[in-house]
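K.L.:
Following this message is one structure expressed as C-alpha cells.
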Amino acid sequence: MNRCKWSEESEMLQQYHDNEWGQYVVGDNALFECLTLELFQSGLSWKTILHKRENFRQAFAQFEVEKVMQFGEKEIEALLNDAGIVRHRKKIQATIENAKRVHALIKEFGSFEEFLKQLPHETAEKQKVLRKTFKHVGLTTAESFLEATGRIQASHSEQCFMVTK
C-alpha cells in the first residue's frame with residue numbers, strides 16, 4: 001500500500017497517517033492537544049512528538065484546558081525536568097498561555113471548535129488568524145494544525161492511497 005513518504009519510517013507513523021492525520025477532530029481538549037503537539041513539533045520531527053505523545057498527555061493533565069491554564073512556575077520546572085517530553089521553556093510557557101486563550105475562546109464562542117468554524121474560508125487567512133490568536137504558532141504550525149485536525153485538506157502525496165479515499 002502506497003503512503004506518504006514521511007509515514008513509511010515506522011508502524012507508529014503509518015497508524016497515525018492512516019487513522020488520525022486529516023481526520024476531523026472534535027472536542028476542546030482534543031483540539032488543544034493537537035495544537036500543542038504541533039507547537040512542540042516545530043523544528044523537530046513528527047516521529048519524535050508522536051513517540052512522546054503519551055508522555056505529553058501525562059505531563060499536561062490529558063490536555064484539559066482548565067487544568068493546564070492554571071500551571072505555574074512549579075509545574076513549568078517539573079516539565080523542564082521531564083525527559084519524557086520536549087523540554088523547551090518557551091514552548092511550555094506558550095502551551096500554558098494557549099490554554100488560557102482557548103479557555104477565553106470557549107467562553108466567547110461556546111467551544112474551540114465553534115471558534116475554528118468562524119475562521120475565514122481561505123487557508124492563508126485561517127493561518128494568519130491562528131498565528132495572531134496563539135502564542136508560538138507561526139504560519140507553518142497553523143497549517144499543520146489545520147491539516148491534522150481535518151480543517152483543511154491534508155496534503156497527501158499523489159501516490160498515497162488516501163488521495164483516492
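Just remember, in the C-alpha cells the first chain shown is A, the second B, etc., residues are 1-based per chain, and ligands are 1-based in the order shown.
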Any idea what's packed within 12 Å of Tyr16 of chain A, counting only C-alpha atoms, ignoring anything in its chain fewer than 6 positions away? Could you give it as a short mmCIF file (atom, residue, chain, number, x, y, z; two decimals) with N, CA and C atoms, in the first residue's frame?
P.N.:
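Writing the result to around_35.cif gives the following:
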data_model
loop_
_atom_site.label_atom_id
_atom_site.label_comp_id
_atom_site.auth_asym_id
_atom_site.auth_seq_id
_atom_site.Cartn_x
_atom_site.Cartn_y
_atom_site.Cartn_z
N ARG A 3 1.82 4.99 0.71
CA ARG A 3 1.50 6.05 1.66
C ARG A 3 2.40 7.25 1.38
N CYS A 4 2.12 8.34 2.08
CA CYS A 4 3.02 9.48 2.04
C CYS A 4 4.38 9.03 2.58
N TRP A 6 6.68 10.33 4.39
CA TRP A 6 7.02 10.61 5.79
C TRP A 6 6.48 9.55 6.74
N SER A 7 5.44 8.83 6.33
CA SER A 7 4.81 7.86 7.23
C SER A 7 5.41 6.46 7.12
N GLU A 8 6.29 6.24 6.19
CA GLU A 8 6.81 4.89 5.94
C GLU A 8 7.91 4.47 6.91
N GLU A 9 8.40 5.38 7.70
CA GLU A 9 9.54 5.12 8.57
C GLU A 9 9.24 4.16 9.72
N SER A 10 8.00 4.14 10.20
CA SER A 10 7.66 3.27 11.32
C SER A 10 6.17 2.93 11.29
N GLY A 22 -5.52 14.26 9.39
CA GLY A 22 -6.51 14.77 8.45
C GLY A 22 -7.94 14.41 8.80
N GLN A 23 -8.14 13.63 9.86
CA GLN A 23 -9.49 13.28 10.31
C GLN A 23 -10.04 14.44 11.15
N TRP A 46 8.05 14.82 13.35
CA TRP A 46 6.76 14.40 13.89
C TRP A 46 6.93 13.08 14.63
N LYS A 47 7.85 12.24 14.17
CA LYS A 47 8.10 10.96 14.83
C LYS A 47 8.49 11.18 16.30
N ILE A 49 7.65 13.65 18.28
CA ILE A 49 6.48 14.09 19.04
C ILE A 49 5.50 12.94 19.23
N LEU A 50 5.24 12.20 18.19
CA LEU A 50 4.30 11.10 18.28
C LEU A 50 4.79 10.04 19.27
N HIS A 51 6.08 9.80 19.26
CA HIS A 51 6.68 8.84 20.19
C HIS A 51 6.48 9.28 21.65
N ARG A 53 3.95 11.27 22.69
CA ARG A 53 2.58 11.76 22.87
C ARG A 53 1.96 11.34 24.20
N ALA A 148 -3.92 18.51 10.33
CA ALA A 148 -4.01 17.39 11.26
C ALA A 148 -5.42 17.21 11.81
#
K.L.:
Do a neighbour search on segment 145-147 of chain A at 7 Å with only C-alpha atoms, toss out local chain neighbours closer than 5 positions, and write the hits as a PyMOL selection string.
P.N.:
chain A and resi 22+34-35+38+152-154
K.L.:
How would the residues just picked look written out with all heavy atoms as a compact mmCIF listing (two decimals), in the first residue's frame?
P.N.:
# COMPACT_ATOMS: atom_id res chain seq x y z
N GLY A 22 -5.52 14.26 9.39
CA GLY A 22 -6.51 14.77 8.45
C GLY A 22 -7.94 14.41 8.80
O GLY A 22 -8.87 14.85 8.13
N CYS A 34 -3.95 18.72 19.91
CA CYS A 34 -3.38 18.81 18.56
C CYS A 34 -2.59 20.10 18.37
O CYS A 34 -1.48 20.07 17.81
CB CYS A 34 -4.49 18.71 17.51
SG CYS A 34 -5.28 17.09 17.42
N LEU A 35 -3.14 21.20 18.82
CA LEU A 35 -2.44 22.48 18.71
C LEU A 35 -1.11 22.43 19.45
O LEU A 35 -0.07 22.85 18.93
CB LEU A 35 -3.31 23.61 19.27
CG LEU A 35 -2.70 25.00 19.22
CD1 LEU A 35 -2.59 25.50 17.79
CD2 LEU A 35 -3.52 25.98 20.07
N GLU A 38 1.49 20.14 17.72
CA GLU A 38 2.04 20.81 16.53
C GLU A 38 3.01 21.91 16.94
O GLU A 38 4.06 22.09 16.32
CB GLU A 38 0.92 21.39 15.66
CG GLU A 38 0.04 20.35 15.00
CD GLU A 38 0.75 19.48 13.97
OE1 GLU A 38 1.86 19.83 13.48
OE2 GLU A 38 0.19 18.42 13.64
N ILE A 152 -8.55 21.67 7.02
CA ILE A 152 -8.21 21.84 5.61
C ILE A 152 -7.76 20.48 5.10
O ILE A 152 -7.40 19.59 5.88
CB ILE A 152 -7.11 22.92 5.36
CG1 ILE A 152 -5.80 22.54 6.04
CG2 ILE A 152 -7.60 24.29 5.80
CD1 ILE A 152 -4.63 23.47 5.68
N GLN A 153 -7.76 20.32 3.81
CA GLN A 153 -7.37 19.05 3.20
C GLN A 153 -5.91 18.74 3.51
O GLN A 153 -5.04 19.57 3.28
CB GLN A 153 -7.56 19.13 1.67
CG GLN A 153 -7.22 17.87 0.93
CD GLN A 153 -8.16 16.73 1.26
OE1 GLN A 153 -9.36 16.92 1.35
NE2 GLN A 153 -7.62 15.55 1.46
N ALA A 154 -5.67 17.55 4.06
CA ALA A 154 -4.30 17.11 4.33
C ALA A 154 -3.59 16.91 3.00
O ALA A 154 -4.18 16.41 2.04
CB ALA A 154 -4.31 15.82 5.14
K.L.:
If we count only C-alpha atoms and set the cut-off at 12 Å, which residues sit around Phe71 of chain A, ignoring sequence neighbours fewer than 6 positions away in its own chain? Please answer as a PyMOL selection string.
P.N.:
chain A and resi 59-61+63-65+77-79+92-100
K.L.:
Excluding same-chain residues fewer than 5 positions from Val25 of chain A, what lies within 10 Å of it counting only C-alpha atoms, as a list in words?
P.N.:
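Counting only C-alpha atoms, the residues come to Glu20, Ala30, Leu31, Cys34, Glu113, Leu146, Ala148, Thr149, Gly150 and Arg151 of chain A.
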K.L.:
Could you tell me, as an MDAnalysis selection string, which residues of chain A DSSP assigns to alpha helix (DSSP H) when given the backbone?
P.N.:
chainID A and resid 11:19 28:41 46:51 53:59 65:68 73:80 89:109 112:117 123:133 139:148
K.L.:
How many Å separate atom CA of Gln62 of chain A from atom CA of Phe32 of chain A?
P.N.:
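Going from atom CA of Gln62 of chain A over to atom CA of Phe32 of chain A covers 10.0 Å.
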K.L.:
Pick out the residues sitting within 7 Å of Leu39 of chain A, and hand them over as an MDAnalysis selection string; count only C-alpha atoms, and ignore anything fewer than 2 positions along from it in its own chain.
P.N.:
chainID A and resid 35:37 41:42 136:137 141
